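Okay, work_10.csv is below, CSV, C-alpha atoms:
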```csv
chain,number,residue,atom,x,y,z
A,30,MET,CA,-7.2,54.8,89.1
A,31,LYS,CA,-9.2,55.9,86.1
A,32,ASP,CA,-8.1,55.0,82.6
A,33,SER,CA,-6.0,58.0,81.5
A,34,LYS,CA,-6.9,57.5,77.8
A,35,ASP,CA,-9.4,60.4,78.0
A,36,PHE,CA,-6.7,62.5,79.8
A,37,TYR,CA,-4.3,62.2,76.9
A,38,GLU,CA,-7.0,63.2,74.4
A,39,GLY,CA,-8.1,66.3,76.4
A,40,ILE,CA,-6.5,68.4,79.2
A,41,GLY,CA,-3.4,66.2,79.2
A,42,LEU,CA,-2.3,67.7,75.9
A,43,THR,CA,-1.0,70.7,78.0
A,44,LEU,CA,1.9,68.4,79.0
A,45,LEU,CA,3.1,68.6,75.4
A,46,ASP,CA,3.1,72.4,75.2
A,47,PRO,CA,6.7,73.7,75.3
A,48,GLN,CA,5.4,76.9,76.9
A,49,ASN,CA,4.6,75.0,80.0
A,50,GLU,CA,8.1,73.6,80.5
A,51,THR,CA,10.0,74.6,83.6
A,52,GLU,CA,13.8,75.1,83.4
A,53,GLY,CA,14.6,71.7,84.8
A,54,VAL,CA,12.0,69.9,82.5
A,55,ARG,CA,13.3,71.8,79.5
A,56,GLU,CA,16.9,70.7,80.2
A,57,TYR,CA,15.7,67.1,80.7
A,58,GLN,CA,13.9,67.1,77.4
A,59,LYS,CA,16.8,68.8,75.6
A,60,LEU,CA,19.4,66.3,76.9
A,61,GLU,CA,17.0,63.4,76.2
A,62,GLU,CA,16.6,64.4,72.6
A,63,GLU,CA,20.3,64.9,72.1
A,64,PHE,CA,21.0,61.5,73.6
A,65,ILE,CA,18.4,59.7,71.5
A,66,LEU,CA,19.4,61.3,68.2
A,67,ARG,CA,23.0,60.6,68.8
A,68,THR,CA,22.5,57.0,70.0
A,69,PHE,CA,19.9,55.9,67.6
A,70,GLU,CA,21.5,57.2,64.4
A,71,GLY,CA,22.0,54.3,61.9
A,72,VAL,CA,20.0,51.8,63.8
A,73,ASP,CA,18.1,49.3,61.6
A,74,SER,CA,14.7,49.3,63.4
A,75,VAL,CA,13.1,51.1,66.4
A,76,LEU,CA,10.0,50.4,68.4
A,77,GLU,CA,8.8,53.5,70.3
A,78,VAL,CA,6.3,52.7,73.1
A,79,GLY,CA,4.2,55.7,74.0
A,80,CYS,CA,5.0,57.7,70.8
A,81,GLY,CA,2.5,60.4,71.6
A,82,GLU,CA,2.0,62.9,68.8
A,83,GLY,CA,5.1,61.7,67.0
A,84,ARG,CA,7.9,63.9,68.1
A,85,TYR,CA,10.6,61.2,68.0
A,86,LEU,CA,9.0,59.4,65.1
A,87,ARG,CA,9.6,62.6,63.1
A,88,HIS,CA,13.1,63.2,64.4
A,89,LEU,CA,14.3,59.6,64.0
A,90,ALA,CA,12.7,58.7,60.7
A,91,PRO,CA,15.6,60.3,58.7
A,92,LEU,CA,18.2,58.6,60.9
A,93,VAL,CA,17.1,55.0,61.2
A,94,GLY,CA,16.0,52.2,58.8
A,95,LYS,CA,12.4,52.1,60.0
A,96,ILE,CA,10.5,53.0,63.1
A,97,THR,CA,7.2,51.9,64.6
A,98,GLY,CA,5.3,53.9,67.2
A,99,ILE,CA,2.5,52.7,69.5
A,100,ASP,CA,0.2,54.7,71.7
A,101,PHE,CA,-3.2,54.0,73.2
A,102,ALA,CA,-4.6,57.6,72.8
A,103,GLU,CA,-6.4,57.8,69.4
A,104,GLN,CA,-6.0,61.6,69.1
A,105,LEU,CA,-2.3,61.3,69.6
A,106,VAL,CA,-2.0,58.5,67.2
A,107,ASN,CA,-3.9,60.5,64.6
A,108,LEU,CA,-1.5,63.5,65.1
A,109,ALA,CA,1.5,61.2,64.8
A,110,LYS,CA,0.2,59.7,61.6
A,111,GLU,CA,-0.5,63.2,60.1
A,112,SER,CA,2.9,64.5,61.1
A,113,THR,CA,4.8,61.5,59.7
A,114,ALA,CA,2.8,61.1,56.5
A,115,THR,CA,5.7,62.0,54.3
A,116,PHE,CA,8.0,59.3,55.7
A,117,ASP,CA,7.7,55.8,54.2
A,118,ASN,CA,9.7,54.2,57.0
A,119,VAL,CA,7.2,55.1,59.8
A,120,ASN,CA,4.4,53.0,61.1
A,121,VAL,CA,2.0,54.2,63.8
A,122,ILE,CA,-0.2,51.8,65.7
A,123,LEU,CA,-3.1,52.4,68.0
A,124,GLY,CA,-2.9,50.0,71.0
A,125,ARG,CA,-1.6,49.2,74.4
A,126,ALA,CA,2.0,48.2,75.2
A,127,GLU,CA,0.7,45.1,77.2
A,128,HIS,CA,-0.8,43.9,73.9
A,129,LEU,CA,2.3,44.3,71.8
A,130,PRO,CA,2.7,40.7,70.6
A,131,THR,CA,-0.8,40.9,69.0
A,132,LEU,CA,0.0,44.3,67.4
A,133,VAL,CA,3.4,43.7,65.7
A,134,GLN,CA,4.7,40.7,64.0
A,135,GLU,CA,8.4,41.6,63.8
A,136,THR,CA,11.4,42.3,66.0
A,137,PHE,CA,13.3,45.5,66.5
A,138,THR,CA,16.9,46.5,67.1
A,139,TYR,CA,16.1,49.1,69.8
A,140,ALA,CA,13.0,50.0,71.8
A,141,LEU,CA,12.4,53.4,73.3
A,142,LEU,CA,10.2,54.6,76.1
A,143,GLY,CA,10.9,58.3,76.2
A,144,TRP,CA,9.8,61.3,78.4
A,145,ASN,CA,8.7,59.2,81.4
A,146,THR,CA,6.4,56.9,79.4
A,147,ILE,CA,7.1,54.1,81.9
A,148,GLY,CA,6.1,56.3,84.8
A,149,ASN,CA,2.8,57.1,83.1
A,150,ILE,CA,1.9,53.4,82.7
A,151,PRO,CA,0.3,51.6,85.7
A,152,GLN,CA,2.8,49.6,87.5
A,153,GLU,CA,0.7,46.5,87.5
A,154,VAL,CA,1.4,46.0,83.8
A,155,HIS,CA,5.1,46.8,83.8
A,156,GLU,CA,6.1,43.1,84.0
A,157,ILE,CA,3.8,42.2,81.1
A,158,ILE,CA,5.3,45.0,79.0
A,159,PHE,CA,8.9,44.0,79.7
A,160,ASP,CA,8.1,40.4,79.0
A,161,ASN,CA,6.8,41.6,75.6
A,162,LEU,CA,9.8,43.7,75.0
A,163,GLU,CA,12.1,40.8,75.7
A,164,LYS,CA,10.5,38.9,72.8
A,165,LEU,CA,10.5,41.9,70.4
A,166,VAL,CA,13.8,43.6,71.1
A,167,GLU,CA,17.0,42.2,69.7
A,168,GLU,CA,19.6,44.5,71.3
A,169,LYS,CA,18.7,47.4,73.6
A,170,ILE,CA,15.8,49.0,75.5
A,171,PHE,CA,16.1,52.7,76.4
A,172,ILE,CA,13.8,54.1,79.2
A,173,SER,CA,13.8,57.8,80.0
A,174,THR,CA,12.3,58.7,83.4
A,175,PHE,CA,12.2,61.2,86.2
A,176,LYS,CA,14.7,60.8,88.9
A,177,CYS,CA,13.4,60.2,92.5
A,178,GLY,CA,13.8,62.7,95.3
A,179,PRO,CA,12.4,65.8,96.8
A,180,GLU,CA,14.1,68.4,94.5
A,181,VAL,CA,12.8,66.6,91.4
A,182,MET,CA,9.4,66.2,92.9
A,183,ASP,CA,9.3,70.0,93.5
A,184,GLU,CA,10.2,70.6,89.9
A,185,ARG,CA,7.5,68.2,88.7
A,186,LEU,CA,4.9,70.0,90.8
A,187,ARG,CA,6.1,73.4,89.3
A,188,PHE,CA,5.7,71.8,85.8
A,189,TYR,CA,2.2,70.5,86.5
A,190,ALA,CA,1.2,73.9,88.0
A,191,LYS,CA,2.3,75.6,84.8
A,192,THR,CA,0.1,73.3,82.8
A,193,GLY,CA,-2.9,74.2,84.9
A,194,LEU,CA,-3.4,70.6,86.0
A,195,LYS,CA,-4.8,70.0,89.5
A,196,VAL,CA,-2.7,67.9,91.9
A,197,GLU,CA,-5.0,65.9,94.0
A,198,SER,CA,-2.4,64.2,96.2
A,199,ILE,CA,1.2,62.8,96.3
A,200,ASN,CA,2.1,59.3,97.2
A,201,GLY,CA,5.8,58.8,97.4
A,202,ASN,CA,7.1,59.6,93.9
A,203,GLN,CA,3.7,59.4,92.4
A,204,VAL,CA,1.5,62.5,91.7
A,205,ILE,CA,-2.2,62.0,91.4
A,206,LEU,CA,-3.7,64.6,89.0
A,207,GLU,CA,-7.2,65.6,88.1
A,208,GLY,CA,-9.2,63.2,90.2
A,209,GLY,CA,-7.0,60.3,89.4
A,210,SER,CA,-7.2,60.6,85.6
A,211,HIS,CA,-3.4,60.7,85.4
A,212,CYS,CA,-0.9,59.4,88.0
A,213,PRO,CA,2.7,59.9,86.8
A,214,ASN,CA,5.2,58.0,88.9
A,215,ALA,CA,9.0,57.8,89.2
A,216,TYR,CA,11.0,54.7,90.3
A,217,PRO,CA,14.4,54.1,91.8
A,218,PHE,CA,17.2,52.6,89.7
A,219,SER,CA,16.9,49.3,91.6
A,220,TYR,CA,13.4,48.9,90.2
A,221,PHE,CA,14.5,49.1,86.6
A,222,GLN,CA,17.5,46.9,87.3
A,223,GLU,CA,15.2,44.2,88.6
A,224,LEU,CA,12.8,44.5,85.7
A,225,LEU,CA,15.6,44.4,83.1
A,226,GLU,CA,17.5,41.5,84.7
A,227,SER,CA,14.3,39.5,84.9
A,228,ILE,CA,14.2,39.5,81.1
A,229,GLY,CA,17.9,39.0,80.6
A,230,PHE,CA,19.1,42.6,80.1
A,231,SER,CA,22.0,44.3,81.8
A,232,MET,CA,21.6,48.0,82.9
A,233,LYS,CA,23.5,51.2,82.9
A,234,THR,CA,22.4,54.8,83.4
A,235,HIS,CA,22.9,58.2,81.7
A,236,ASP,CA,22.1,61.5,83.4
A,237,LEU,CA,19.7,63.8,81.7
A,238,GLY,CA,20.3,66.9,83.9
A,239,TRP,CA,19.2,66.8,87.5
A,240,VAL,CA,15.6,66.0,86.6
A,241,GLY,CA,15.9,62.9,84.4
A,242,VAL,CA,17.8,59.8,83.6
A,243,MET,CA,18.1,57.4,80.6
A,244,ILE,CA,18.1,53.7,81.5
A,245,GLU,CA,19.9,51.6,78.9
A,246,GLY,CA,19.2,47.9,78.9
A,247,THR,CA,21.4,45.6,76.8
A,248,LYS,CA,20.4,42.1,76.0
A,249,LYS,CA,22.8,39.6,77.4
```

Could I get this file's structure written as structure tokens?
Amino acid sequence: MKDSKDFYEGIGLTLLDPQNETEGVREYQKLEEEFILRTFEGVDSVLEVGCGEGRYLRHLAPLVGKITGIDFAEQLVNLAKESTATFDNVNVILGRAEHLPTLVQETFTYALLGWNTIGNIPQEVHEIIFDNLEKLVEEKIFISTFKCGPEVMDERLRFYAKTGLKVESINGNQVILEGGSHCPNAYPFSYFQELLESIGFSMKTHDLGWVGVMIEGTKK
């Protein structure tokens, strides 16, 4: 698979355009946002992995003590920095989640991986990322992701069609886009339970409509 950094700094920006949302994706994002704002209010510190152009950094800054966002796409990091410049409790870092311990020297109350961030990261580095989060997160990890299944896959394909992105192939719950430049995936609940339990976190789920789910991991 190609490195999708260039994807997120070019044609992949169409994924962030609200005009391209399908009905199911729109409901998913709306319920995700409502859940995050309700659940994170008053939290001392937040680490957002895959902060993108800063949507949740902006929304959460007035509600939490401090928030740090990390993303590996320089253009998105620059947009996030620009859009949060008026907040003194926001820090935005350019880098990869698998390198977190070298990028931050503090711990956080909660961590957030929103809008299918985990599904957009190659599976081979998931264990490294969760090992890093175990060291950096004091209480909870929240992971928003697509559900698995044919109906959700159909909705995802409608969404990608609206963005104008070319689907090269489908492999299970993974969609290979634009010559392999981006390969968003979805995973069953059992996968997240295994990952979270391996780092000492329990798991429960919250429905985000029929398209998405929020995985809540709590440190034991």

Polymer residues at most 9 Å from Lys233 of chain A, all atoms listed in the file, same-chain spacing of 6 or more positions, as an mmCIF file with C-alpha atoms, keeping the file's coordinate frame:
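File written: selection_22.cif
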```cif
data_model
loop_
_atom_site.group_PDB
_atom_site.id
_atom_site.type_symbol
_atom_site.label_atom_id
_atom_site.label_comp_id
_atom_site.auth_asym_id
_atom_site.auth_seq_id
_atom_site.Cartn_x
_atom_site.Cartn_y
_atom_site.Cartn_z
ATOM 1 C CA GLN A 222 17.500 46.900 87.300
ATOM 2 C CA MET A 243 18.100 57.400 80.600
ATOM 3 C CA ILE A 244 18.100 53.700 81.500
ATOM 4 C CA GLU A 245 19.900 51.600 78.900
ATOM 5 C CA GLY A 246 19.200 47.900 78.900
ATOM 6 C CA THR A 247 21.400 45.600 76.800
#
```

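Nearest residue to Phe221 of chain A among A:Glu156, A:Glu135, A:Asp183, A:Glu77 is A:Glu156, counting all atoms listed in the file.
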
Two-atom distance - atom CA of Cys212 of chain A, atom CA of Ala102 of chain A (Å):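 The value is 15.7 Å.
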
Point-to-point distance from atom CA of Ile150 of chain A to atom CA of Asp117 of chain A, Å rounded to tenths: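 Distance reported for this atom pair: 29.2 Å.
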
Go through segment 123-197 of chain A and flag each residue having an atom no more than 12 Å from segment 82-85 of chain A; for those, report the closest pair of atoms plus their distance in Å to one decimal, using only C-alpha atoms, ordered by chain and rising number, as CSV.
```
residue,atom,partner,partner_atom,distance
A:Leu123,CA,A:Glu82,CA,11.7
A:Leu141,CA,A:Tyr85,CA,9.6
A:Leu142,CA,A:Tyr85,CA,10.5
A:Gly143,CA,A:Tyr85,CA,8.7
A:Trp144,CA,A:Tyr85,CA,10.4
```

Top pick for closest residue to Gly94 of chain A, considering A:Ile147, A:Val72, A:Val133, A:Leu44 and counting all atoms listed in the file: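 Smallest distance to Gly94 of chain A is found for A:Val72.
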
Given only C-alpha atoms as the counted atoms, nearest of A:Gly124, A:Pro213, A:Gly98, A:Pro91 to Arg185 of chain A: A:Pro213

One-decimal distance in Å that lies between atom CA of Leu206 of chain A and atom CA of Ala140 of chain A: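 Separation of atom CA of Ala140 of chain A and atom CA of Leu206 of chain A: 28.1 Å.
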
Polymer residues at most 10 Å from Gly148 of chain A, all atoms listed in the file, same-chain spacing of 2 or more positions, as a list in words: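 In the requested form, the answer reads Leu142, Trp144, Asn145, Thr146, Ile150, Pro151, Gln152, His155, Ile172, Ser173, Thr174, Phe175, Asn202, Gln203, Cys212, Pro213, Asn214, Ala215 and Tyr216 of chain A.
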
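For the set A:Leu225, A:Leu60, A:Ile205, A:Val242, the residue with the smallest atom-to-atom gap to Cys177 of chain A is A:Val242, counting only C-alpha atoms.
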
Residue contacts of Asn118 of chain A (9 Å, only C-alpha atoms) excluding same-chain residues fewer than 6 positions away, as a list in words: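 So, after excluding close chain neighbours, the residues are Ala90, Pro91, Val93, Gly94, Lys95, Ile96 and Thr97 of chain A.
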
Residue with smallest distance to Met182 of chain A - pool A:Phe137, A:Asp46, A:Ser112, A:Asn200, counting only C-alpha atoms: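 Of A:Phe137, A:Asp46, A:Ser112, A:Asn200, the one nearest Met182 of chain A is A:Asn200, counting only C-alpha atoms.
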
Shell around Tyr189 of chain A at 12 Å using all atoms listed in the file, local window under 2 positions removed, as a ChimeraX atom specification: /A:40-46,48-51,54,182-187,191-197,204-207,211-213

Given all atoms listed in the file as the counted atoms, nearest of A:Leu129, A:Ile158, A:Gly178, A:Thr138 to Glu70 of chain A: A:Thr138

Distance query 8 Å from (17.7, 65.1, 83.6) using all atoms listed in the file, result as a PyMOL selection string: chain A and resi 53-54+56-58+60-61+175-176+236-242
